[in-house]
$ cat protein.cif   # mmCIF, C-alpha atoms
data_final
loop_
_atom_site.label_atom_id
_atom_site.label_comp_id
_atom_site.auth_asym_id
_atom_site.auth_seq_id
_atom_site.Cartn_x
_atom_site.Cartn_y
_atom_site.Cartn_z
CA MET A 28 5.01 -12.71 8.11
CA LYS A 29 7.93 -12.33 5.79
CA GLY A 30 6.92 -12.29 2.14
CA PRO A 31 8.88 -13.26 -0.95
CA ILE A 32 10.93 -10.86 -3.05
CA LEU A 33 8.83 -9.71 -6.03
CA SER A 34 10.54 -8.25 -9.10
CA GLY A 35 9.03 -6.17 -11.87
CA LYS A 36 10.42 -4.34 -14.88
CA ARG A 37 11.49 -1.28 -12.88
CA ILE A 38 10.85 -2.10 -9.23
CA LYS A 39 11.63 -4.72 -6.66
CA LEU A 40 9.59 -5.47 -3.55
CA GLN A 41 11.64 -6.76 -0.64
CA PRO A 42 10.44 -7.61 2.85
CA ILE A 43 10.77 -4.61 5.15
CA LYS A 44 13.69 -4.47 7.52
CA LEU A 45 14.67 -2.31 10.48
CA ALA A 46 17.16 -0.37 8.33
CA ASP A 47 14.18 1.01 6.33
CA ALA A 48 12.68 2.70 9.40
CA PRO A 49 14.39 6.12 9.05
CA HIS A 50 12.92 6.49 5.55
CA PHE A 51 9.43 5.63 6.79
CA VAL A 52 9.73 8.12 9.67
CA ARG A 53 10.73 10.88 7.23
CA TRP A 54 7.86 10.10 4.84
CA PHE A 55 5.18 9.90 7.52
CA GLY A 56 6.37 13.20 8.95
CA ASP A 57 5.80 14.91 5.59
CA LYS A 58 2.24 16.26 5.37
CA LYS A 59 2.20 16.02 1.56
CA VAL A 60 2.96 12.30 1.79
CA ALA A 61 0.77 11.57 4.82
CA VAL A 62 -2.35 13.51 3.78
CA TYR A 63 -4.05 10.41 2.32
CA LEU A 64 -2.63 7.81 4.71
CA LEU A 65 -4.49 6.36 7.65
CA ARG A 66 -1.63 7.43 9.93
CA GLN A 67 -1.26 11.17 9.65
CA LYS A 68 0.80 12.11 12.64
CA PRO A 69 4.59 11.95 12.78
CA ILE A 70 6.13 8.80 14.19
CA THR A 71 9.38 8.38 16.09
CA LEU A 72 12.16 6.06 15.01
CA PRO A 73 11.66 3.74 18.03
CA GLU A 74 7.90 3.57 17.28
CA GLU A 75 8.56 2.72 13.64
CA LYS A 76 11.10 0.04 14.52
CA ALA A 77 8.60 -1.49 16.97
CA TRP A 78 5.96 -1.48 14.21
CA ILE A 79 8.32 -3.21 11.77
CA LYS A 80 9.10 -5.91 14.34
CA LYS A 81 5.38 -6.39 14.95
CA MET A 82 4.66 -6.70 11.22
CA LEU A 83 7.42 -9.27 10.76
CA ARG A 84 5.85 -11.39 13.53
CA ALA A 85 2.25 -10.97 12.34
CA LYS A 86 0.71 -14.07 10.78
CA ASP A 87 -1.72 -12.11 8.61
CA LYS A 88 0.46 -9.27 7.27
CA ILE A 89 3.10 -9.05 4.55
CA ILE A 90 4.89 -5.71 4.19
CA TRP A 91 7.43 -4.89 1.49
CA SER A 92 9.77 -1.99 0.82
CA ILE A 93 9.61 -0.70 -2.76
CA PHE A 94 12.89 -0.08 -4.56
CA ASN A 95 13.15 1.54 -7.99
CA GLU A 96 15.52 0.48 -10.78
CA ASN A 97 18.34 2.51 -9.18
CA TRP A 98 17.91 0.64 -5.87
CA LYS A 99 16.47 3.74 -4.25
CA LEU A 100 13.94 3.00 -1.50
CA ILE A 101 10.85 4.89 -2.68
CA GLY A 102 7.92 3.48 -0.71
CA ASN A 103 6.28 0.55 0.94
CA THR A 104 3.31 -1.66 0.32
CA GLY A 105 1.57 -4.45 2.11
CA LEU A 106 -1.19 -6.97 2.41
CA THR A 107 -3.46 -8.08 5.19
CA ILE A 108 -4.23 -11.71 4.52
CA ASP A 109 -7.61 -13.37 5.12
CA ALA A 110 -6.77 -17.00 4.32
CA LYS A 111 -10.16 -18.33 5.38
CA ASN A 112 -11.98 -16.21 2.81
CA LYS A 113 -9.19 -16.23 0.20
CA ALA A 114 -9.04 -12.43 0.27
CA ALA A 115 -6.41 -9.77 0.93
CA SER A 116 -6.44 -6.05 1.68
CA PHE A 117 -3.85 -3.83 0.00
CA GLY A 118 -2.12 -0.58 0.88
CA ILE A 119 0.71 1.43 -0.67
CA VAL A 120 2.67 4.64 -0.21
CA ILE A 121 5.25 6.13 -2.53
CA GLY A 122 7.06 8.19 0.08
CA GLU A 123 9.65 9.84 -2.15
CA LYS A 124 7.77 12.74 -3.74
CA ASP A 125 10.27 13.02 -6.59
CA GLN A 126 9.16 9.51 -7.63
CA TRP A 127 5.46 10.40 -7.86
CA GLY A 128 3.83 10.18 -11.27
CA LYS A 129 6.38 7.74 -12.71
CA GLY A 130 4.12 4.67 -12.75
CA TYR A 131 5.75 2.87 -9.84
CA ALA A 132 2.48 2.45 -7.91
CA GLY A 133 0.84 0.82 -10.92
CA GLU A 134 3.75 -1.57 -11.41
CA CYS A 135 3.69 -2.38 -7.70
CA LEU A 136 -0.03 -3.11 -7.87
CA LYS A 137 0.55 -5.53 -10.76
CA LEU A 138 3.17 -7.41 -8.73
CA ILE A 139 0.90 -7.56 -5.69
CA GLY A 140 -2.13 -8.63 -7.75
CA ASN A 141 -0.18 -11.41 -9.46
CA PHE A 142 1.08 -12.59 -6.07
CA VAL A 143 -2.43 -12.60 -4.58
CA PHE A 144 -4.22 -14.18 -7.54
CA LYS A 145 -1.58 -16.41 -9.15
CA LYS A 146 0.63 -17.46 -6.23
CA LEU A 147 -1.81 -17.47 -3.31
CA LYS A 148 -4.79 -18.37 -5.55
CA TYR A 149 -7.03 -15.93 -3.69
CA ASN A 150 -10.37 -14.70 -4.97
CA ARG A 151 -10.43 -11.05 -3.89
CA LEU A 152 -8.11 -8.08 -3.43
CA GLU A 153 -9.56 -4.98 -1.78
CA LEU A 154 -8.50 -1.58 -0.55
CA GLU A 155 -9.76 1.58 1.05
CA VAL A 156 -8.91 4.98 -0.39
CA TYR A 157 -9.58 8.64 0.30
CA MET A 158 -11.95 9.74 -2.46
CA LYS A 159 -9.96 12.99 -2.84
CA ASN A 160 -6.82 10.99 -3.71
CA LYS A 161 -7.32 11.25 -7.47
CA ARG A 162 -3.87 9.85 -8.38
CA ALA A 163 -4.53 6.67 -6.39
CA LEU A 164 -8.04 6.30 -7.79
CA ARG A 165 -6.64 6.45 -11.36
CA VAL A 166 -4.07 3.74 -10.58
CA TYR A 167 -6.69 1.44 -9.05
CA GLU A 168 -9.24 1.98 -11.81
CA LYS A 169 -6.61 1.39 -14.49
CA ALA A 170 -5.79 -1.96 -12.83
CA GLY A 171 -9.47 -2.93 -12.97
CA PHE A 172 -10.59 -2.23 -9.41
CA LEU A 173 -14.27 -1.36 -9.04
CA LEU A 174 -15.65 1.13 -6.56
CA GLU A 175 -18.01 -0.83 -4.32
CA GLY A 176 -19.17 2.08 -2.26
CA VAL A 177 -18.31 5.27 -0.46
CA LYS A 178 -18.37 5.72 3.28
CA ARG A 179 -19.40 9.37 3.50
CA GLN A 180 -17.28 11.54 5.78
CA LYS A 181 -15.85 8.37 7.34
CA LEU A 182 -12.36 9.71 8.01
CA LYS A 183 -11.33 12.74 10.06
CA ASN A 184 -8.22 13.90 8.23
CA ALA A 185 -5.72 15.16 10.80
CA ILE A 186 -3.93 17.23 8.16
CA THR A 187 -6.86 18.91 6.37
CA LYS A 188 -8.94 18.98 9.59
CA LYS A 189 -11.95 17.89 7.53
CA PHE A 190 -14.15 14.83 7.44
CA GLU A 191 -13.49 13.03 4.19
CA ASP A 192 -15.12 10.27 2.18
CA GLU A 193 -13.53 6.83 2.06
CA GLY A 194 -14.02 4.57 -0.94
CA VAL A 195 -13.98 0.79 -0.87
CA MET A 196 -12.62 -0.81 -4.03
CA SER A 197 -11.96 -4.39 -5.05
CA ILE A 198 -11.03 -6.70 -7.87
CA LEU A 199 -11.75 -10.41 -8.16
CA SER A 200 -9.49 -13.13 -9.49
CA LYS A 201 -11.64 -13.61 -12.59
CA GLU A 202 -11.32 -9.86 -13.35
CA TRP A 203 -7.52 -9.70 -13.02
CA LYS A 204 -5.91 -9.17 -16.45
CA PHE A 205 -2.18 -9.01 -15.73
#
$ encode --input "protein.cif" --output "C-alpha cells"
Amino acid sequence: MKGPILSGKRIKLQPIKLADAPHFVRWFGDKKVAVYLLRQKPITLPEEKAWIKKMLRAKDKIIWSIFNENWKLIGNTGLTIDAKNKAASFGIVIGEKDQWGKGYAGECLKLIGNFVFKKLKYNRLELEVYMKNKRALRVYEKAGFLLEGVKRQKLKNAITKKFEDEGVMSILSKEWKF
C-alpha cells in the first residue's frame, strides 16, 4: 500500500521506491546498523527490490523512506495495519550512522503517531524492540510508549550470537500527546 507523504520540521517521509534499494542493501549489510533489526543478514539488491515491490502491493503495509532536511535518505519506517482492530505495528531504522543521535527517530515517530491516531483514527500503535537497544527504548518512552512485557530470550541475534530479550511496547490514542 502506498502511503501519503508526511512532513515534519526536519524530515520528510515519502513512500519507498525501487531507487532506494541500494541504500537499504548497504545499511542491512552493516552489522552496527543491523544488530537490532529483525533481519540481520546481508541482502542482495535483487532481493531488496523484490521486497519493495511486495510492500507496495501489500494491502496491510505502508513503508516510507526517511529524508532529512538536506534531502539525504537516512532511513526507513513502516506500519503494519490491522484495520479490523484499529491498530498498527511500527518499525524504524536510521541506516545512516552519521545521522544517529540527532532526534530524527523521535520526529519520525511523531509523524507516524499523528498519522495513525489523527488521520486513520486508530486506537493502538505497538512495536517490538530488542531490550538491549537503549537508544530506541529512550525514543519510545519519551513518546509515551509503555512496556507491556518482555519475551525473555525470544530472539536469536545472528550478529551477537546470543539469545536476547524482546520487549513489547504500545501507546493508545487517548495517551498520544503530540
$ closest_residue --input "protein.cif" --among "A:Ala185, A:Leu65, A:Leu106, A:Ala163" --to "Phe142 in chain A" --atoms "only C-alpha atoms"
A:Leu106
$ closest_residue --input "protein.cif" --among "A:Leu64, A:Leu174, A:Met82, A:Val166" --to "Trp127 in chain A" --atoms "only C-alpha atoms"
A:Val166
$ resolve_selection --input "protein.cif" --expression "the PyMOL selection byres ((chain A and resi 93) around 12)" --output "PDB file with C-alpha atoms, in the frame of the given file"
ATOM      1  CA  ILE A  32      10.930 -10.860  -3.050  1.00  0.00           C
ATOM      2  CA  LEU A  33       8.830  -9.710  -6.030  1.00  0.00           C
ATOM      3  CA  SER A  34      10.540  -8.250  -9.100  1.00  0.00           C
ATOM      4  CA  GLY A  35       9.030  -6.170 -11.870  1.00  0.00           C
ATOM      5  CA  ARG A  37      11.490  -1.280 -12.880  1.00  0.00           C
ATOM      6  CA  ILE A  38      10.850  -2.100  -9.230  1.00  0.00           C
ATOM      7  CA  LYS A  39      11.630  -4.720  -6.660  1.00  0.00           C
ATOM      8  CA  LEU A  40       9.590  -5.470  -3.550  1.00  0.00           C
ATOM      9  CA  GLN A  41      11.640  -6.760  -0.640  1.00  0.00           C
ATOM     10  CA  PRO A  42      10.440  -7.610   2.850  1.00  0.00           C
ATOM     11  CA  ILE A  43      10.770  -4.610   5.150  1.00  0.00           C
ATOM     12  CA  LYS A  44      13.690  -4.470   7.520  1.00  0.00           C
ATOM     13  CA  ASP A  47      14.180   1.010   6.330  1.00  0.00           C
ATOM     14  CA  HIS A  50      12.920   6.490   5.550  1.00  0.00           C
ATOM     15  CA  PHE A  51       9.430   5.630   6.790  1.00  0.00           C
ATOM     16  CA  ILE A  90       4.890  -5.710   4.190  1.00  0.00           C
ATOM     17  CA  TRP A  91       7.430  -4.890   1.490  1.00  0.00           C
ATOM     18  CA  SER A  92       9.770  -1.990   0.820  1.00  0.00           C
ATOM     19  CA  PHE A  94      12.890  -0.080  -4.560  1.00  0.00           C
ATOM     20  CA  ASN A  95      13.150   1.540  -7.990  1.00  0.00           C
ATOM     21  CA  GLU A  96      15.520   0.480 -10.780  1.00  0.00           C
ATOM     22  CA  ASN A  97      18.340   2.510  -9.180  1.00  0.00           C
ATOM     23  CA  TRP A  98      17.910   0.640  -5.870  1.00  0.00           C
ATOM     24  CA  LYS A  99      16.470   3.740  -4.250  1.00  0.00           C
ATOM     25  CA  LEU A 100      13.940   3.000  -1.500  1.00  0.00           C
ATOM     26  CA  ILE A 101      10.850   4.890  -2.680  1.00  0.00           C
ATOM     27  CA  GLY A 102       7.920   3.480  -0.710  1.00  0.00           C
ATOM     28  CA  ASN A 103       6.280   0.550   0.940  1.00  0.00           C
ATOM     29  CA  THR A 104       3.310  -1.660   0.320  1.00  0.00           C
ATOM     30  CA  GLY A 105       1.570  -4.450   2.110  1.00  0.00           C
ATOM     31  CA  ILE A 119       0.710   1.430  -0.670  1.00  0.00           C
ATOM     32  CA  VAL A 120       2.670   4.640  -0.210  1.00  0.00           C
ATOM     33  CA  ILE A 121       5.250   6.130  -2.530  1.00  0.00           C
ATOM     34  CA  GLY A 122       7.060   8.190   0.080  1.00  0.00           C
ATOM     35  CA  GLU A 123       9.650   9.840  -2.150  1.00  0.00           C
ATOM     36  CA  GLN A 126       9.160   9.510  -7.630  1.00  0.00           C
ATOM     37  CA  TYR A 131       5.750   2.870  -9.840  1.00  0.00           C
ATOM     38  CA  ALA A 132       2.480   2.450  -7.910  1.00  0.00           C
ATOM     39  CA  GLU A 134       3.750  -1.570 -11.410  1.00  0.00           C
ATOM     40  CA  CYS A 135       3.690  -2.380  -7.700  1.00  0.00           C
ATOM     41  CA  LEU A 136      -0.030  -3.110  -7.870  1.00  0.00           C
ATOM     42  CA  LEU A 138       3.170  -7.410  -8.730  1.00  0.00           C
ATOM     43  CA  ILE A 139       0.900  -7.560  -5.690  1.00  0.00           C
TER      44      ILE A 139
END
$ closest_residue --input "protein.cif" --among "A:Leu147, A:Val52, A:Val62, A:Ala114" --to "Lys159 in chain A" --atoms "only C-alpha atoms"
A:Val62
$ residues_around --input "protein.cif" --residues "Ser116 in chain A" --least-positions-apart "5" --cutoff "8 Å" --atoms "only C-alpha atoms" --output "compact mmCIF listing (two decimals) with C-alpha atoms, in the coordinates of the input"
# COMPACT_ATOMS: atom_id res chain seq x y z
CA LEU A 106 -1.19 -6.97 2.41
CA THR A 107 -3.46 -8.08 5.19
CA ILE A 108 -4.23 -11.71 4.52
CA LEU A 152 -8.11 -8.08 -3.43
CA GLU A 153 -9.56 -4.98 -1.78
CA LEU A 154 -8.50 -1.58 -0.55
$ residues_near_point --input "protein.cif" --point "(-14.5, -11.5, -6.7)" --cutoff "7 Å" --atoms "only C-alpha atoms" --output "ChimeraX atom specification"
/A:150-151,198-201
$ atom_distance --input "protein.cif" --atom1 "CA of Ala48 in chain A" --atom2 "CA of Gly194 in chain A"
28.7 Å
$ atom_distance --input "protein.cif" --atom1 "CA of Tyr167 in chain A" --atom2 "CA of Phe190 in chain A"
22.5 Å
$ atom_distance --input "protein.cif" --atom1 "CA of Lys124 in chain A" --atom2 "CA of Gln67 in chain A"
16.2 Å
$ resolve_selection --input "protein.cif" --expression "the PyMOL selection byres ((chain A and resi 184) around 12)" --output "PDB file with C-alpha atoms, keeping the file's coordinate frame"
ATOM      1  CA  LYS A  58       2.240  16.260   5.370  1.00  0.00           C
ATOM      2  CA  ALA A  61       0.770  11.570   4.820  1.00  0.00           C
ATOM      3  CA  VAL A  62      -2.350  13.510   3.780  1.00  0.00           C
ATOM      4  CA  TYR A  63      -4.050  10.410   2.320  1.00  0.00           C
ATOM      5  CA  LEU A  64      -2.630   7.810   4.710  1.00  0.00           C
ATOM      6  CA  LEU A  65      -4.490   6.360   7.650  1.00  0.00           C
ATOM      7  CA  ARG A  66      -1.630   7.430   9.930  1.00  0.00           C
ATOM      8  CA  GLN A  67      -1.260  11.170   9.650  1.00  0.00           C
ATOM      9  CA  LYS A  68       0.800  12.110  12.640  1.00  0.00           C
ATOM     10  CA  TYR A 157      -9.580   8.640   0.300  1.00  0.00           C
ATOM     11  CA  LYS A 159      -9.960  12.990  -2.840  1.00  0.00           C
ATOM     12  CA  GLN A 180     -17.280  11.540   5.780  1.00  0.00           C
ATOM     13  CA  LYS A 181     -15.850   8.370   7.340  1.00  0.00           C
ATOM     14  CA  LEU A 182     -12.360   9.710   8.010  1.00  0.00           C
ATOM     15  CA  LYS A 183     -11.330  12.740  10.060  1.00  0.00           C
ATOM     16  CA  ALA A 185      -5.720  15.160  10.800  1.00  0.00           C
ATOM     17  CA  ILE A 186      -3.930  17.230   8.160  1.00  0.00           C
ATOM     18  CA  THR A 187      -6.860  18.910   6.370  1.00  0.00           C
ATOM     19  CA  LYS A 188      -8.940  18.980   9.590  1.00  0.00           C
ATOM     20  CA  LYS A 189     -11.950  17.890   7.530  1.00  0.00           C
ATOM     21  CA  PHE A 190     -14.150  14.830   7.440  1.00  0.00           C
ATOM     22  CA  GLU A 191     -13.490  13.030   4.190  1.00  0.00           C
ATOM     23  CA  ASP A 192     -15.120  10.270   2.180  1.00  0.00           C
ATOM     24  CA  GLU A 193     -13.530   6.830   2.060  1.00  0.00           C
TER      25      GLU A 193
END
$ resolve_selection --input "protein.cif" --expression "the PyMOL selection byres ((chain A and resi 29) around 6)" --output "list in words"
Met28, Gly30, Leu83 and Ile89 of chain A
$ write_last_selection --input "protein.cif" --atoms "C-alpha atoms" --output "mmCIF file, in the frame of the given file"
data_model
loop_
_atom_site.group_PDB
_atom_site.id
_atom_site.type_symbol
_atom_site.label_atom_id
_atom_site.label_comp_id
_atom_site.auth_asym_id
_atom_site.auth_seq_id
_atom_site.Cartn_x
_atom_site.Cartn_y
_atom_site.Cartn_z
ATOM 1 C CA MET A 28 5.010 -12.710 8.110
ATOM 2 C CA GLY A 30 6.920 -12.290 2.140
ATOM 3 C CA LEU A 83 7.420 -9.270 10.760
ATOM 4 C CA ILE A 89 3.100 -9.050 4.550
#
$ axis_aligned_box --input "protein.cif" --around "range 51-70 of chain A" --padding-each-side "8 Å" --output "JSON"
{"center_x": 3.1, "center_y": 10.9, "center_z": 7.9, "size_x": 31.2, "size_y": 26.6, "size_z": 28.6}
$ closest_residue --input "protein.cif" --among "A:Lys145, A:Gly130, A:Leu45, A:Lys59" --to "Glu74 in chain A" --atoms "all atoms listed in the file"
A:Leu45
$ closest_residue --input "protein.cif" --among "A:Arg84, A:Lys204, A:Arg162, A:Lys178" --to "Gly140 in chain A" --atoms "only C-alpha atoms"
A:Lys204
$ residues_around --input "protein.cif" --residues "Glu175 in chain A" --least-positions-apart "6" --cutoff "9 Å" --atoms "all atoms listed in the file" --output "PyMOL selection string"
chain A and resi 194-197
$ closest_residue --input "protein.cif" --among "A:Phe144, A:Ala115, A:Gly133, A:Lys80" --to "Glu168 in chain A" --atoms "all atoms listed in the file"
A:Gly133
